[in-house]
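Peer 1: Structure in structure tokens, see below.
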Amino acid sequence: MKKKIFPIFLIMFVLFQSYSQKAVYKLPLQNETTITNPTFFYTLPKTAFKVDIIFTKTTHLKGLYADFAEKMLGITNYCTENITSFKLKNTNITPCNVPDENLQFVVELSSVQIKNNFLQSLFMNNSADFQSISKKEQQNSDFLPEFFKNYADAILQQTYETYTDTKIIDGVVTQIPVTQTKISTKTLSQQAQEAVDFIEKIRTDRYAILSFSQETSLSKEAFEYLVNQLDDLEKKYLELFTGITIVEDIHETFVIFPDAESFLFPLCSVTPTAGFSTSMCKTSAYNYYLKCEPQLSKNLQVGFKETMESNPKYKANTGYSIRKAIPVLVSLVNGDTEELLGIFSMYQFGWLETLPANLDSFEIEKWGYIY
């Protein structure tokens, strides 16, 4: 009976072998590896993150005439120095699966797979596609008001001097009037006084309109327009003394490819002096990191594998290699502050598993990128 069963078992074993992949090799190949049959390649996925961050930048700029604000206008609440600060406004994270360049494999086909056009059916059924991720940064425009910016230019003034020049023309003594023009730069104090004079004139004109002391009657629309224009002009001149505050949103986008060797991945630094930078600062309070905490222990998996391999009867598998994603807690870390962004499935922290050979019905295209 045993003699009859053995040939049948041998035939089934040979057929089973012939319908499945012949061999699977991890790239790069070893020098002694020889492949003679047709092949296909596949790459296991890894998880990347597109992180969009919005920082609010607040800039306090000292006025051109800040030193004269209290003396000339009696203003005590004004900006005395230029100050810039940043604050995190919003964070958005998007996971994407992309090929892992470190986990590429080549599969050698069996003779029956070649005969049955296995490659054709494999590529037709391959639905896995690359997920594209882009890094786009918004260029910030110049938020400095034109009036405030241009008024800082040197202001020139012209002075005129008239005198009589005596000349002898054809033996006749003649006196000729001469006007000489001189151009000089006004001092900062002179410029400030002119700005104060203009502010007082604006207030006088506005009072005349509000008290209806002007000769021509105005419509409601014209009345409101003139008052608003005078208010806006006075505000601009007052800012030359008080300074201005500019608030703007800065959008930054990062693409992070975490690896399983670390749990903390640098994003950027934002300092009051240098502003935004992709280089990390020595002061940790200015740095931003992406923190990934696996929710399943890899040490338990490693211990399980070591226990299996220590068994004298253990035989390593030689079939397809796959990797399952596991849940990972992802947070944004800044100094002592940690903001939870979500729990995402990540492949990098998952266990790499090699399946038994001869799994002819296994759909590898659902586990990796075929190329």
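Numbering starts fresh at 1 for the residues of each chain in the structure tokens, the chains themselves are lettered A, B, ... in the order given, and ligands are numbered from 1 as they appear.
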Once DSSP has gone over the backbone, tell me which residues of region 164-309 of chain A are in strand (DSSP E or B), as a short mmCIF file (atom, residue, chain, number, x, y, z; two decimals) with N, CA and C atoms, in the first residue's frame.
Peer 2:
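Written file, out-v6.cif:
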data_model
loop_
_atom_site.label_atom_id
_atom_site.label_comp_id
_atom_site.auth_asym_id
_atom_site.auth_seq_id
_atom_site.Cartn_x
_atom_site.Cartn_y
_atom_site.Cartn_z
N THR A 164 22.92 139.70 -5.84
CA THR A 164 23.24 140.49 -7.06
C THR A 164 24.71 140.33 -7.39
N ASP A 165 24.97 139.94 -8.62
CA ASP A 165 26.34 139.73 -9.07
C ASP A 165 26.73 140.90 -9.98
N THR A 166 27.87 141.50 -9.71
CA THR A 166 28.35 142.65 -10.51
C THR A 166 29.31 142.15 -11.58
N LYS A 167 29.00 142.52 -12.84
CA LYS A 167 29.85 142.11 -13.95
C LYS A 167 30.12 143.32 -14.86
N ILE A 168 31.30 143.32 -15.50
CA ILE A 168 31.65 144.38 -16.47
C ILE A 168 31.47 143.80 -17.86
N ILE A 169 30.55 144.38 -18.60
CA ILE A 169 30.26 143.91 -19.95
C ILE A 169 30.48 145.07 -20.92
N VAL A 172 31.08 148.33 -19.41
CA VAL A 172 30.00 148.90 -18.60
C VAL A 172 29.79 148.01 -17.38
N VAL A 173 29.72 148.63 -16.18
CA VAL A 173 29.48 147.87 -14.95
C VAL A 173 27.98 147.55 -14.86
N THR A 174 27.69 146.29 -14.77
CA THR A 174 26.29 145.85 -14.76
C THR A 174 26.05 144.93 -13.56
N GLN A 175 24.89 145.11 -12.90
CA GLN A 175 24.51 144.26 -11.79
C GLN A 175 23.42 143.28 -12.26
N ILE A 176 23.68 142.00 -12.07
CA ILE A 176 22.76 140.96 -12.55
C ILE A 176 22.24 140.17 -11.35
N PRO A 177 20.89 140.07 -11.18
CA PRO A 177 20.35 139.26 -10.07
C PRO A 177 20.57 137.76 -10.34
N VAL A 178 20.99 137.03 -9.32
CA VAL A 178 21.29 135.59 -9.45
C VAL A 178 20.56 134.83 -8.34
N THR A 179 19.92 133.72 -8.74
CA THR A 179 19.24 132.85 -7.76
C THR A 179 19.96 131.50 -7.75
N GLN A 180 20.42 131.10 -6.60
CA GLN A 180 21.16 129.84 -6.46
C GLN A 180 20.30 128.83 -5.68
N THR A 181 20.19 127.63 -6.26
CA THR A 181 19.39 126.57 -5.64
C THR A 181 20.31 125.56 -4.96
N LYS A 182 19.99 125.22 -3.72
CA LYS A 182 20.75 124.21 -2.98
C LYS A 182 19.81 123.08 -2.59
N ILE A 183 20.30 121.86 -2.74
CA ILE A 183 19.52 120.68 -2.36
C ILE A 183 20.19 120.03 -1.15
N SER A 184 19.43 119.86 -0.11
CA SER A 184 19.96 119.25 1.12
C SER A 184 18.96 118.25 1.66
N THR A 185 19.44 117.36 2.49
CA THR A 185 18.58 116.34 3.09
C THR A 185 18.03 116.84 4.42
N ILE A 244 3.87 99.65 12.94
CA ILE A 244 2.77 98.83 12.41
C ILE A 244 2.97 97.37 12.82
N THR A 245 1.87 96.62 12.79
CA THR A 245 1.88 95.18 13.05
C THR A 245 1.37 94.45 11.82
N ILE A 246 2.16 93.52 11.31
CA ILE A 246 1.80 92.75 10.10
C ILE A 246 1.61 91.30 10.50
N VAL A 247 0.45 90.76 10.18
CA VAL A 247 0.14 89.36 10.47
C VAL A 247 -0.06 88.64 9.13
N GLU A 248 0.67 87.57 8.93
CA GLU A 248 0.57 86.80 7.68
C GLU A 248 0.66 85.31 7.97
N ASP A 249 0.03 84.52 7.12
CA ASP A 249 0.09 83.06 7.22
C ASP A 249 1.13 82.52 6.25
N ILE A 250 2.00 81.67 6.76
CA ILE A 250 3.05 81.05 5.94
C ILE A 250 2.73 79.56 5.80
N HIS A 251 2.55 79.10 4.57
CA HIS A 251 2.23 77.70 4.30
C HIS A 251 3.51 76.96 3.93
N GLU A 252 3.75 75.84 4.59
CA GLU A 252 4.90 74.99 4.28
C GLU A 252 4.44 73.54 4.14
N THR A 253 5.02 72.85 3.16
CA THR A 253 4.66 71.45 2.90
C THR A 253 5.91 70.59 2.96
N PHE A 254 5.82 69.46 3.66
CA PHE A 254 6.94 68.53 3.80
C PHE A 254 6.49 67.14 3.37
N VAL A 255 7.39 66.39 2.77
CA VAL A 255 7.14 64.98 2.45
C VAL A 255 8.14 64.16 3.25
N ILE A 256 7.61 63.33 4.15
CA ILE A 256 8.44 62.56 5.08
C ILE A 256 8.33 61.08 4.77
N LEU A 264 11.46 59.52 15.75
CA LEU A 264 11.36 60.97 15.69
C LEU A 264 12.02 61.47 14.41
N PHE A 265 11.25 62.20 13.57
CA PHE A 265 11.75 62.62 12.26
C PHE A 265 11.67 64.14 12.15
N PRO A 266 12.81 64.80 11.88
CA PRO A 266 12.84 66.28 11.84
C PRO A 266 12.04 66.84 10.66
N LEU A 267 11.32 67.93 10.93
CA LEU A 267 10.58 68.65 9.90
C LEU A 267 11.26 69.97 9.58
N CYS A 268 11.28 70.88 10.57
CA CYS A 268 11.82 72.20 10.32
C CYS A 268 12.07 72.90 11.65
N SER A 269 12.62 74.09 11.56
CA SER A 269 12.76 74.96 12.72
C SER A 269 12.23 76.34 12.35
N VAL A 270 11.68 77.03 13.35
CA VAL A 270 11.17 78.39 13.14
C VAL A 270 11.67 79.25 14.29
N THR A 271 12.57 80.20 13.98
CA THR A 271 13.14 81.06 15.01
C THR A 271 12.74 82.52 14.74
N GLY A 275 13.70 82.94 11.10
CA GLY A 275 12.44 82.54 10.49
C GLY A 275 12.41 81.05 10.20
N PHE A 276 11.73 80.67 9.11
CA PHE A 276 11.60 79.26 8.76
C PHE A 276 12.88 78.71 8.15
N SER A 277 13.21 77.45 8.52
CA SER A 277 14.38 76.78 7.95
C SER A 277 14.17 75.28 8.02
N ASN A 287 12.26 73.74 17.23
CA ASN A 287 12.22 72.65 16.25
C ASN A 287 10.88 71.94 16.24
N TYR A 288 10.52 71.42 15.05
CA TYR A 288 9.29 70.64 14.88
C TYR A 288 9.67 69.26 14.34
N TYR A 289 9.08 68.22 14.96
CA TYR A 289 9.36 66.84 14.58
C TYR A 289 8.05 66.09 14.33
N LEU A 290 8.17 65.05 13.50
CA LEU A 290 7.07 64.10 13.33
C LEU A 290 7.42 62.84 14.14
N LYS A 291 6.55 62.49 15.06
CA LYS A 291 6.82 61.35 15.95
C LYS A 291 5.91 60.19 15.58
N CYS A 292 6.50 59.00 15.41
CA CYS A 292 5.74 57.80 15.04
C CYS A 292 5.93 56.74 16.13
N GLU A 293 4.84 56.31 16.73
CA GLU A 293 4.89 55.30 17.79
C GLU A 293 4.09 54.07 17.37
N PRO A 294 4.75 52.97 17.00
CA PRO A 294 4.03 51.74 16.63
C PRO A 294 3.19 51.23 17.80
#
Peer 1: Using only C-alpha atoms, which protein or nucleic acid residues come within 7 Å of Arg323 (chain A)? Drop anything in the same chain fewer than 4 positions from it, and give the result as an MDAnalysis selection string.
Peer 2: chainID A and resid 347 350:353
Peer 1: Could you check which of A:Phe257, A:Phe349, A:Tyr225, A:Tyr320 is closest to Lys22 (chain A), using only C-alpha atoms?
Peer 2: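 Between A:Phe257, A:Phe349, A:Tyr225, A:Tyr320, the residue approaching Lys22 (chain A) most closely is A:Tyr320.
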Peer 1: May I ask which of the residues A:Leu341, A:Leu109, A:Val98, A:Cys281 is the closest one to Lys46 (chain A), counting only C-alpha atoms?
Peer 2: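 Ranked by minimum distance to Lys46 (chain A), first place goes to A:Val98.
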